[in-house]
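Student: Handing over target_6.txt, compact mmCIF, C-alpha atoms.
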# COMPACT_ATOMS: atom_id res chain seq x y z
CA MET Z 124 66.47 -111.36 -104.99
CA LYS Z 125 63.63 -109.35 -103.45
CA THR Z 126 63.17 -111.98 -100.75
CA ARG Z 127 66.85 -111.70 -99.96
CA HIS Z 128 66.60 -107.94 -99.56
CA LEU Z 129 63.54 -108.23 -97.42
CA LEU Z 130 65.27 -110.81 -95.26
CA LEU Z 131 68.26 -108.51 -94.93
CA ALA Z 132 66.09 -105.58 -93.86
CA VAL Z 133 64.26 -107.73 -91.31
CA LEU Z 134 67.55 -109.07 -89.97
CA LEU Z 135 68.98 -105.58 -89.67
CA ALA Z 136 65.93 -104.30 -87.83
CA ALA Z 137 65.90 -107.38 -85.59
CA THR Z 138 69.58 -106.95 -84.77
CA GLY Z 139 68.82 -103.51 -83.45
CA LEU Z 140 65.55 -104.22 -81.73
CA LEU Z 141 66.13 -107.70 -80.31
CA THR Z 142 69.54 -107.23 -78.76
CA GLY Z 143 68.16 -107.81 -75.30
CA CYS Z 144 69.60 -104.49 -74.16
CA GLN Z 145 67.48 -102.71 -71.62
CA ASN Z 146 68.10 -99.13 -70.67
CA VAL Z 147 67.85 -98.45 -66.97
CA GLN Z 148 65.63 -95.41 -66.84
CA PRO Z 149 66.91 -92.36 -64.93
CA TRP Z 150 64.22 -92.82 -62.26
CA GLU Z 151 65.18 -96.48 -61.74
CA ARG Z 152 68.77 -95.83 -60.70
CA GLY Z 153 68.22 -95.80 -56.96
CA ASN Z 154 70.12 -99.05 -56.49
CA LEU Z 155 72.98 -97.90 -58.71
CA ALA Z 156 73.25 -94.71 -56.67
CA ASP Z 157 73.60 -96.67 -53.43
CA PRO Z 158 77.02 -96.14 -51.79
CA ALA Z 159 77.31 -99.94 -51.57
CA MET Z 160 77.68 -99.98 -55.36
CA ASP Z 161 80.83 -97.88 -55.17
CA THR Z 162 83.89 -100.08 -55.64
CA GLY Z 163 86.25 -97.45 -54.21
CA ARG Z 164 84.76 -96.59 -50.87
CA ASP Z 165 88.02 -95.37 -49.39
CA PRO Z 166 88.94 -92.20 -51.32
CA LEU Z 167 92.24 -91.69 -49.49
CA GLY Z 168 93.24 -95.33 -49.96
CA GLY Z 169 92.31 -95.05 -53.61
CA MET Z 170 94.48 -91.97 -54.07
CA MET Z 171 97.44 -93.70 -52.38
CA SER Z 172 97.07 -96.77 -54.57
CA GLU Z 173 96.87 -94.58 -57.62
CA HIS Z 174 100.01 -92.70 -56.56
CA LEU Z 175 101.92 -95.95 -56.00
CA TRP Z 176 100.70 -97.32 -59.30
CA PHE Z 177 101.85 -94.18 -61.10
CA SER Z 178 105.26 -94.18 -59.34
CA ARG Z 179 106.02 -97.83 -60.01
CA GLU Z 180 104.47 -98.32 -63.41
CA ALA Z 181 104.53 -94.81 -64.89
CA ALA Z 182 100.88 -95.35 -65.63
CA SER Z 183 97.69 -94.02 -64.15
CA GLY Z 184 93.95 -94.09 -64.59
CA GLY Z 185 91.86 -96.80 -66.16
CA ARG Z 186 90.23 -97.72 -62.88
CA GLY Z 187 86.88 -96.07 -63.36
CA VAL Z 188 83.99 -97.68 -65.16
CA GLY Z 189 81.58 -95.50 -67.10
CA GLY Z 190 77.84 -95.77 -67.01
CA GLY Z 191 77.31 -96.40 -63.31
CA GLY Z 192 75.95 -94.23 -60.56
CA CYS Z 193 72.68 -92.40 -60.43
CA GLY Z 194 73.26 -90.55 -63.69
CA CYS Z 195 71.99 -87.37 -62.07
CA ASN Z 196 72.22 -84.01 -63.85
CA MET K 281 71.22 -117.61 -113.54
CA ASN K 282 73.11 -114.70 -112.15
CA THR K 283 74.03 -115.45 -108.59
CA SER K 284 76.66 -112.74 -108.23
CA TYR K 285 76.39 -110.64 -105.10
CA ASN K 286 76.50 -106.92 -105.77
CA LYS K 287 77.13 -105.17 -102.49
CA ASN K 288 76.60 -101.76 -104.08
CA HIS K 289 73.22 -102.58 -105.55
CA PRO K 290 71.06 -99.45 -105.12
CA THR K 291 68.07 -101.39 -103.76
CA ARG K 292 70.24 -102.95 -101.09
CA THR K 293 71.67 -99.60 -100.06
CA LYS K 294 68.17 -98.15 -99.95
CA LEU K 295 66.94 -101.02 -97.79
CA ILE K 296 69.79 -100.69 -95.36
CA ALA K 297 69.23 -96.94 -95.12
CA THR K 298 65.51 -97.50 -94.51
CA ALA K 299 66.13 -100.10 -91.82
CA ALA K 300 68.72 -97.91 -90.09
CA ALA K 301 66.47 -94.84 -90.27
CA SER K 302 63.49 -96.80 -88.88
CA PHE K 303 65.60 -98.13 -86.02
CA LEU K 304 66.94 -94.70 -85.16
CA GLY K 305 63.46 -93.22 -85.43
CA VAL K 306 62.04 -95.79 -83.04
CA MET K 307 64.87 -95.24 -80.56
CA LEU K 308 64.53 -91.44 -80.69
CA ALA K 309 60.76 -91.61 -80.31
CA VAL K 310 61.14 -93.85 -77.27
CA ALA K 311 63.75 -91.60 -75.66
CA ALA K 312 62.20 -88.21 -76.43
CA PRO K 313 60.85 -86.32 -73.43
CA LEU K 314 57.87 -83.99 -73.51
CA LYS K 315 58.71 -80.97 -75.66
CA GLU K 316 58.24 -77.27 -75.00
CA GLY K 317 54.84 -76.09 -76.21
CA GLU K 318 53.23 -79.49 -75.67
CA ALA K 319 50.40 -79.84 -73.17
CA PHE K 320 51.48 -81.45 -69.91
CA PRO K 321 49.38 -84.52 -69.10
CA ASP K 322 46.52 -84.21 -66.60
CA LEU K 323 48.00 -85.13 -63.22
CA ASN K 324 44.70 -86.68 -62.12
CA GLN K 325 45.03 -89.52 -64.62
CA PHE K 326 48.08 -91.27 -63.21
CA GLY K 327 46.99 -92.45 -59.78
CA LEU K 328 49.47 -90.21 -57.99
CA GLU K 329 49.60 -90.53 -54.21
CA GLY K 330 48.74 -87.29 -52.44
CA ALA K 331 46.28 -84.52 -53.06
CA VAL K 332 46.59 -83.22 -56.62
CA PRO K 333 45.98 -79.45 -56.53
CA ASP K 334 43.86 -77.49 -58.97
CA ILE K 335 46.37 -75.95 -61.35
CA HIS K 336 43.88 -74.43 -63.75
CA GLY K 337 45.14 -71.01 -64.85
CA LYS K 338 48.26 -71.23 -62.69
CA VAL K 339 51.94 -71.19 -63.51
CA VAL K 340 53.24 -74.58 -62.36
CA LEU K 341 56.67 -75.95 -61.66
CA VAL K 342 56.57 -79.75 -61.81
CA ASP K 343 59.73 -81.34 -60.48
CA PHE K 344 60.64 -85.05 -60.43
CA PHE K 345 62.87 -86.08 -57.54
CA ALA K 346 64.14 -89.05 -55.56
CA SER K 347 65.86 -89.33 -52.19
CA TRP K 348 68.99 -90.93 -53.67
CA CYS K 349 69.58 -88.08 -56.10
CA HIS K 350 72.02 -85.50 -54.75
CA PRO K 351 71.11 -82.61 -57.06
CA CYS K 352 67.49 -83.15 -55.94
CA GLN K 353 68.58 -82.42 -52.39
CA GLU K 354 70.13 -79.14 -53.58
CA SER K 355 67.03 -78.22 -55.55
CA PHE K 356 64.59 -78.40 -52.62
CA PRO K 357 65.67 -75.23 -50.79
CA VAL K 358 65.54 -73.32 -54.08
CA MET K 359 62.04 -74.57 -54.90
CA GLU K 360 60.94 -73.69 -51.37
CA GLU K 361 62.32 -70.18 -51.83
CA LEU K 362 60.56 -69.79 -55.20
CA TYR K 363 57.31 -71.09 -53.79
CA LYS K 364 57.36 -68.66 -50.87
CA GLN K 365 58.26 -65.78 -53.15
CA TYR K 366 55.78 -66.37 -55.97
CA ALA K 367 52.89 -68.45 -54.56
CA ALA K 368 50.78 -65.36 -53.92
CA LYS K 369 51.24 -64.29 -57.54
CA GLY K 370 49.99 -67.63 -58.87
CA LEU K 371 52.89 -70.10 -58.82
CA VAL K 372 52.22 -73.70 -57.85
CA VAL K 373 55.19 -75.96 -57.12
CA ILE K 374 54.63 -79.70 -57.35
CA ALA K 375 57.43 -82.12 -56.54
CA ILE K 376 56.79 -85.69 -57.64
CA ASN K 377 58.67 -88.42 -55.83
CA LEU K 378 59.98 -91.49 -57.66
CA ASP K 379 61.45 -93.52 -54.80
CA LYS K 380 60.65 -97.23 -54.70
CA ASN K 381 59.92 -97.06 -50.98
CA LYS K 382 57.72 -94.41 -49.47
CA SER K 383 59.82 -94.48 -46.29
CA ASP K 384 62.80 -93.16 -48.28
CA MET K 385 60.70 -90.20 -49.41
CA ASP K 386 59.51 -89.58 -45.85
CA ASP K 387 63.10 -89.57 -44.56
CA PHE K 388 64.10 -87.21 -47.34
CA LEU K 389 61.29 -84.80 -46.51
CA LYS K 390 62.27 -84.79 -42.85
CA SER K 391 65.71 -83.49 -43.74
CA HIS K 392 64.47 -81.32 -46.63
CA PRO K 393 61.18 -79.87 -45.44
CA ALA K 394 58.90 -78.42 -48.10
CA SER K 395 55.69 -76.43 -47.86
CA PHE K 396 54.81 -76.94 -51.52
CA VAL K 397 52.86 -79.90 -52.91
CA ILE K 398 54.50 -83.32 -52.74
CA LEU K 399 53.02 -86.16 -54.79
CA ARG K 400 54.29 -89.68 -55.32
CA ASP K 401 54.34 -91.53 -58.62
CA ALA K 402 54.63 -94.98 -57.09
CA GLY K 403 53.73 -96.81 -60.28
CA ASN K 404 56.04 -94.62 -62.42
CA LYS K 405 53.08 -94.04 -64.73
CA LEU K 406 53.47 -90.28 -65.11
CA VAL K 407 57.24 -90.35 -65.43
CA SER K 408 57.01 -93.06 -68.08
CA ARG K 409 54.64 -90.81 -69.98
CA VAL K 410 56.81 -87.66 -69.84
CA LYS K 411 60.10 -89.60 -70.13
CA ILE K 412 62.54 -87.45 -68.22
CA PRO K 413 66.15 -87.92 -69.38
CA THR K 414 67.85 -87.42 -66.01
CA MET K 415 67.26 -86.86 -62.32
CA PRO K 416 66.07 -84.37 -61.32
CA SER K 417 64.06 -82.92 -64.17
CA SER K 418 61.48 -80.20 -64.06
CA PHE K 419 58.84 -78.72 -66.31
CA LEU K 420 57.63 -75.15 -66.01
CA LEU K 421 54.07 -74.93 -67.27
CA ASP K 422 52.34 -71.77 -68.42
CA ARG K 423 48.80 -70.79 -67.42
CA ASP K 424 47.42 -72.92 -70.26
CA GLY K 425 49.10 -76.04 -68.91
CA LYS K 426 51.65 -76.18 -71.72
CA VAL K 427 55.35 -76.81 -71.20
CA HIS K 428 57.06 -73.41 -71.23
CA ALA K 429 60.51 -74.64 -70.21
CA PHE K 430 62.19 -77.92 -69.44
CA HIS K 431 65.09 -78.18 -67.00
CA ARG K 432 67.37 -81.16 -67.31
CA GLY K 433 69.06 -81.69 -63.95
CA PHE K 434 69.64 -79.05 -61.31
CA LYS K 435 72.77 -76.93 -61.65
CA GLY K 436 72.58 -74.74 -58.54
CA ALA K 437 72.66 -70.96 -59.04
CA GLU K 438 72.43 -71.27 -62.82
CA THR K 439 69.15 -73.19 -62.68
CA ARG K 440 67.81 -70.91 -59.92
CA LYS K 441 68.45 -67.85 -62.11
CA GLN K 442 66.70 -69.47 -65.07
CA TYR K 443 63.73 -70.44 -62.88
CA ILE K 444 63.35 -66.87 -61.63
CA GLU K 445 63.56 -65.33 -65.09
CA GLU K 446 61.07 -67.77 -66.57
CA ILE K 447 58.63 -67.63 -63.66
CA GLU K 448 58.64 -63.82 -63.60
CA ALA K 449 58.03 -63.72 -67.35
CA LEU K 450 55.08 -66.11 -67.01
CA LEU K 451 53.56 -64.34 -64.01
CA LYS K 452 53.51 -60.92 -65.71
Can you give me the file's structure in the form of structure tokens?

Tutor:
Amino acid sequence: MKTRHLLLAVLLAATGLLTGCQNVQPWERGNLADPAMDTGRDPLGGMMSEHLWFSREAASGGRGVGGGGCGCN
Amino acid sequence: MNTSYNKNHPTRTKLIATAAASFLGVMLAVAAPLKEGEAFPDLNQFGLEGAVPDIHGKVVLVDFFASWCHPCQESFPVMEELYKQYAAKGLVVIAINLDKNKSDMDDFLKSHPASFVILRDAGNKLVSRVKIPTMPSSFLLDRDGKVHAFHRGFKGAETRKQYIEEIEALLK
């Protein structure tokens, strides 16, 4: 039983530590902050699309993706 | 032999709690920046590009910036103003660049001229040691070289006001 508990603890710790996730540090976000990384580079066009979308579908939003950009401030 | 699986067994719960606490502890320790009251590392030990000034007995504002960071661009005129106002009283301002390419820093400094000290942490050794949580970030050090205040980001007039209050208190 003890072995089982130990195995469980190791598995739990490994799940957290070996997920392969790597945080991009705040000082490494130069590429993410590049304007080329912006998917909506035409603000006016974006607003018009959003307006049309809202008028036709009675729905808005859901276009943005969190976690990008330079993460400043 | 009892092979039943008791999911509420106290030992199991304890083990899960221990594993979760260890994981959280490790994550927090990795993410934690330098705290107020802690000694700021010796700038001479990180192979910074540029001439590291003698900050012994001085009040020092250490700012980390990059050319791609917009709040950093806003912070430069304020730091220049503070430097000109308080340098004679013992304030040293050190801005540490974290750009990958030196040419980006040079371009930035052309459009945001500064008369205070500019250093470059090309190998990210210092910033990895102090672990800033965002860009820009600045540390105000007292005359003993300890962190008096930490500023996360630059929020215009609000940060400027805090800088002035803290610097004047330290220079008294």

Student: Select all residues from chain K having any atom no more than 6 Å from an atom of chain Z (counting only C-alpha atoms, ignoring ligands), output as a VMD selection string.

Tutor: chain K and resid 299 348 414 to 415 433

Student: Atoms to include: C-alpha atoms. Write the selected residues as an mmCIF file, keeping the file's coordinate frame.

Tutor:
data_model
loop_
_atom_site.group_PDB
_atom_site.id
_atom_site.type_symbol
_atom_site.label_atom_id
_atom_site.label_comp_id
_atom_site.auth_asym_id
_atom_site.auth_seq_id
_atom_site.Cartn_x
_atom_site.Cartn_y
_atom_site.Cartn_z
ATOM 1 C CA ALA K 299 66.130 -100.100 -91.820
ATOM 2 C CA TRP K 348 68.990 -90.930 -53.670
ATOM 3 C CA THR K 414 67.850 -87.420 -66.010
ATOM 4 C CA MET K 415 67.260 -86.860 -62.320
ATOM 5 C CA GLY K 433 69.060 -81.690 -63.950
#

Student: What is the atom CA of Ile376 of chain K-atom CA of Leu341 of chain K distance in Å, reported with one decimal?

Tutor: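 Computing the Euclidean distance for atom CA of Ile376 of chain K and atom CA of Leu341 of chain K yields 10.5 Å.
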
Student: As a PyMOL selection string, please: the residues near segment 364-372 of chain K (cut-off 9 Å, all atoms listed in the file, same-chain neighbours under 4 positions excluded).

Tutor: chain K and resi 333+335+337-342+359-360+395-397+447-448+451

Student: Store the residues picked out above in a file with C-alpha atoms, as a short mmCIF file (atom, residue, chain, number, x, y, z; two decimals), keeping the file's coordinate frame.

Tutor:
data_model
loop_
_atom_site.label_atom_id
_atom_site.label_comp_id
_atom_site.auth_asym_id
_atom_site.auth_seq_id
_atom_site.Cartn_x
_atom_site.Cartn_y
_atom_site.Cartn_z
CA PRO K 333 45.98 -79.45 -56.53
CA ILE K 335 46.37 -75.95 -61.35
CA GLY K 337 45.14 -71.01 -64.85
CA LYS K 338 48.26 -71.23 -62.69
CA VAL K 339 51.94 -71.19 -63.51
CA VAL K 340 53.24 -74.58 -62.36
CA LEU K 341 56.67 -75.95 -61.66
CA VAL K 342 56.57 -79.75 -61.81
CA MET K 359 62.04 -74.57 -54.90
CA GLU K 360 60.94 -73.69 -51.37
CA SER K 395 55.69 -76.43 -47.86
CA PHE K 396 54.81 -76.94 -51.52
CA VAL K 397 52.86 -79.90 -52.91
CA ILE K 447 58.63 -67.63 -63.66
CA GLU K 448 58.64 -63.82 -63.60
CA LEU K 451 53.56 -64.34 -64.01
#

Student: Calculate how many Å separate atom CA of Phe388 of chain K from atom CA of Ser347 of chain K, rounding to one decimal.

Tutor: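 Result for atom CA of Phe388 of chain K versus atom CA of Ser347 of chain K: 5.6 Å, one decimal.
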
Student: Could you tell me how far atom CA of Ala331 of chain K sits from atom CA of Lys382 of chain K, in Å to one decimal place?

Tutor: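 The value is 15.5 Å.
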
Student: Phe419 of chain K: which residues within 12 Å, counting only C-alpha atoms, same-chain residues fewer than 3 positions away excluded, as a PyMOL selection string?

Tutor: chain K and resi 313-321+339-344+372-376+407+410-412+416+422+425-434+443+446-447

Student: Take the residues just selected and output them with C-alpha atoms as a PDB file, keeping the file's coordinate frame.

Tutor:
ATOM      1  CA  PRO K 313      60.850 -86.320 -73.430  1.00  0.00           C
ATOM      2  CA  LEU K 314      57.870 -83.990 -73.510  1.00  0.00           C
ATOM      3  CA  LYS K 315      58.710 -80.970 -75.660  1.00  0.00           C
ATOM      4  CA  GLU K 316      58.240 -77.270 -75.000  1.00  0.00           C
ATOM      5  CA  GLY K 317      54.840 -76.090 -76.210  1.00  0.00           C
ATOM      6  CA  GLU K 318      53.230 -79.490 -75.670  1.00  0.00           C
ATOM      7  CA  ALA K 319      50.400 -79.840 -73.170  1.00  0.00           C
ATOM      8  CA  PHE K 320      51.480 -81.450 -69.910  1.00  0.00           C
ATOM      9  CA  PRO K 321      49.380 -84.520 -69.100  1.00  0.00           C
ATOM     10  CA  VAL K 339      51.940 -71.190 -63.510  1.00  0.00           C
ATOM     11  CA  VAL K 340      53.240 -74.580 -62.360  1.00  0.00           C
ATOM     12  CA  LEU K 341      56.670 -75.950 -61.660  1.00  0.00           C
ATOM     13  CA  VAL K 342      56.570 -79.750 -61.810  1.00  0.00           C
ATOM     14  CA  ASP K 343      59.730 -81.340 -60.480  1.00  0.00           C
ATOM     15  CA  PHE K 344      60.640 -85.050 -60.430  1.00  0.00           C
ATOM     16  CA  VAL K 372      52.220 -73.700 -57.850  1.00  0.00           C
ATOM     17  CA  VAL K 373      55.190 -75.960 -57.120  1.00  0.00           C
ATOM     18  CA  ILE K 374      54.630 -79.700 -57.350  1.00  0.00           C
ATOM     19  CA  ALA K 375      57.430 -82.120 -56.540  1.00  0.00           C
ATOM     20  CA  ILE K 376      56.790 -85.690 -57.640  1.00  0.00           C
ATOM     21  CA  VAL K 407      57.240 -90.350 -65.430  1.00  0.00           C
ATOM     22  CA  VAL K 410      56.810 -87.660 -69.840  1.00  0.00           C
ATOM     23  CA  LYS K 411      60.100 -89.600 -70.130  1.00  0.00           C
ATOM     24  CA  ILE K 412      62.540 -87.450 -68.220  1.00  0.00           C
ATOM     25  CA  PRO K 416      66.070 -84.370 -61.320  1.00  0.00           C
ATOM     26  CA  ASP K 422      52.340 -71.770 -68.420  1.00  0.00           C
ATOM     27  CA  GLY K 425      49.100 -76.040 -68.910  1.00  0.00           C
ATOM     28  CA  LYS K 426      51.650 -76.180 -71.720  1.00  0.00           C
ATOM     29  CA  VAL K 427      55.350 -76.810 -71.200  1.00  0.00           C
ATOM     30  CA  HIS K 428      57.060 -73.410 -71.230  1.00  0.00           C
ATOM     31  CA  ALA K 429      60.510 -74.640 -70.210  1.00  0.00           C
ATOM     32  CA  PHE K 430      62.190 -77.920 -69.440  1.00  0.00           C
ATOM     33  CA  HIS K 431      65.090 -78.180 -67.000  1.00  0.00           C
ATOM     34  CA  ARG K 432      67.370 -81.160 -67.310  1.00  0.00           C
ATOM     35  CA  GLY K 433      69.060 -81.690 -63.950  1.00  0.00           C
ATOM     36  CA  PHE K 434      69.640 -79.050 -61.310  1.00  0.00           C
ATOM     37  CA  TYR K 443      63.730 -70.440 -62.880  1.00  0.00           C
ATOM     38  CA  GLU K 446      61.070 -67.770 -66.570  1.00  0.00           C
ATOM     39  CA  ILE K 447      58.630 -67.630 -63.660  1.00  0.00           C
TER      40      ILE K 447
END

Student: Please, can segment 157-176 of chain Z be completed to N, CA and C atoms and returned as a PDB file, keeping the file's coordinate frame?

Tutor:
ATOM      1  N   ASP Z 157      73.301 -96.267 -54.809  1.00  0.00           N
ATOM      2  CA  ASP Z 157      73.600 -96.670 -53.430  1.00  0.00           C
ATOM      3  C   ASP Z 157      75.111 -96.681 -53.206  1.00  0.00           C
ATOM      4  N   PRO Z 158      75.575 -96.134 -52.065  1.00  0.00           N
ATOM      5  CA  PRO Z 158      77.020 -96.140 -51.790  1.00  0.00           C
ATOM      6  C   PRO Z 158      77.622 -97.538 -51.833  1.00  0.00           C
ATOM      7  N   ALA Z 159      76.803 -98.560 -51.540  1.00  0.00           N
ATOM      8  CA  ALA Z 159      77.310 -99.940 -51.570  1.00  0.00           C
ATOM      9  C   ALA Z 159      77.779-100.357 -52.960  1.00  0.00           C
ATOM     10  N   MET Z 160      77.301 -99.639 -53.983  1.00  0.00           N
ATOM     11  CA  MET Z 160      77.680 -99.980 -55.360  1.00  0.00           C
ATOM     12  C   MET Z 160      79.022 -99.377 -55.754  1.00  0.00           C
ATOM     13  N   ASP Z 161      79.563 -98.544 -54.875  1.00  0.00           N
ATOM     14  CA  ASP Z 161      80.830 -97.880 -55.170  1.00  0.00           C
ATOM     15  C   ASP Z 161      81.982 -98.842 -54.869  1.00  0.00           C
ATOM     16  N   THR Z 162      82.797 -99.126 -55.860  1.00  0.00           N
ATOM     17  CA  THR Z 162      83.890-100.080 -55.640  1.00  0.00           C
ATOM     18  C   THR Z 162      85.051 -99.436 -54.872  1.00  0.00           C
ATOM     19  N   GLY Z 163      85.164 -98.120 -54.935  1.00  0.00           N
ATOM     20  CA  GLY Z 163      86.250 -97.450 -54.210  1.00  0.00           C
ATOM     21  C   GLY Z 163      85.688 -96.631 -53.065  1.00  0.00           C
ATOM     22  N   ARG Z 164      85.421 -97.297 -51.963  1.00  0.00           N
ATOM     23  CA  ARG Z 164      84.760 -96.590 -50.870  1.00  0.00           C
ATOM     24  C   ARG Z 164      85.732 -95.919 -49.907  1.00  0.00           C
ATOM     25  N   ASP Z 165      87.019 -96.024 -50.217  1.00  0.00           N
ATOM     26  CA  ASP Z 165      88.020 -95.370 -49.390  1.00  0.00           C
ATOM     27  C   ASP Z 165      88.783 -94.385 -50.285  1.00  0.00           C
ATOM     28  N   PRO Z 166      88.327 -93.140 -50.378  1.00  0.00           N
ATOM     29  CA  PRO Z 166      88.940 -92.200 -51.320  1.00  0.00           C
ATOM     30  C   PRO Z 166      90.427 -92.002 -51.075  1.00  0.00           C
ATOM     31  N   LEU Z 167      90.827 -91.912 -49.788  1.00  0.00           N
ATOM     32  CA  LEU Z 167      92.240 -91.690 -49.490  1.00  0.00           C
ATOM     33  C   LEU Z 167      93.071 -92.905 -49.901  1.00  0.00           C
ATOM     34  N   GLY Z 168      92.557 -94.089 -49.570  1.00  0.00           N
ATOM     35  CA  GLY Z 168      93.240 -95.330 -49.960  1.00  0.00           C
ATOM     36  C   GLY Z 168      93.365 -95.417 -51.469  1.00  0.00           C
ATOM     37  N   GLY Z 169      92.323 -95.023 -52.152  1.00  0.00           N
ATOM     38  CA  GLY Z 169      92.310 -95.050 -53.610  1.00  0.00           C
ATOM     39  C   GLY Z 169      93.375 -94.128 -54.194  1.00  0.00           C
ATOM     40  N   MET Z 170      93.488 -92.934 -53.595  1.00  0.00           N
ATOM     41  CA  MET Z 170      94.480 -91.970 -54.070  1.00  0.00           C
ATOM     42  C   MET Z 170      95.903 -92.501 -53.846  1.00  0.00           C
ATOM     43  N   MET Z 171      96.103 -93.149 -52.687  1.00  0.00           N
ATOM     44  CA  MET Z 171      97.440 -93.700 -52.380  1.00  0.00           C
ATOM     45  C   MET Z 171      97.794 -94.821 -53.358  1.00  0.00           C
ATOM     46  N   SER Z 172      96.829 -95.684 -53.615  1.00  0.00           N
ATOM     47  CA  SER Z 172      97.070 -96.770 -54.570  1.00  0.00           C
ATOM     48  C   SER Z 172      97.410 -96.217 -55.940  1.00  0.00           C
ATOM     49  N   GLU Z 173      96.664 -95.199 -56.309  1.00  0.00           N
ATOM     50  CA  GLU Z 173      96.870 -94.580 -57.620  1.00  0.00           C
ATOM     51  C   GLU Z 173      98.272 -93.975 -57.708  1.00  0.00           C
ATOM     52  N   HIS Z 174      98.696 -93.333 -56.598  1.00  0.00           N
ATOM     53  CA  HIS Z 174     100.010 -92.700 -56.560  1.00  0.00           C
ATOM     54  C   HIS Z 174     101.106 -93.779 -56.686  1.00  0.00           C
ATOM     55  N   LEU Z 175     100.939 -94.867 -55.943  1.00  0.00           N
ATOM     56  CA  LEU Z 175     101.920 -95.950 -56.000  1.00  0.00           C
ATOM     57  C   LEU Z 175     101.979 -96.552 -57.405  1.00  0.00           C
ATOM     58  N   TRP Z 176     100.808 -96.751 -57.963  1.00  0.00           N
ATOM     59  CA  TRP Z 176     100.700 -97.320 -59.300  1.00  0.00           C
ATOM     60  C   TRP Z 176     101.432 -96.449 -60.314  1.00  0.00           C
TER      61      TRP Z 176
END
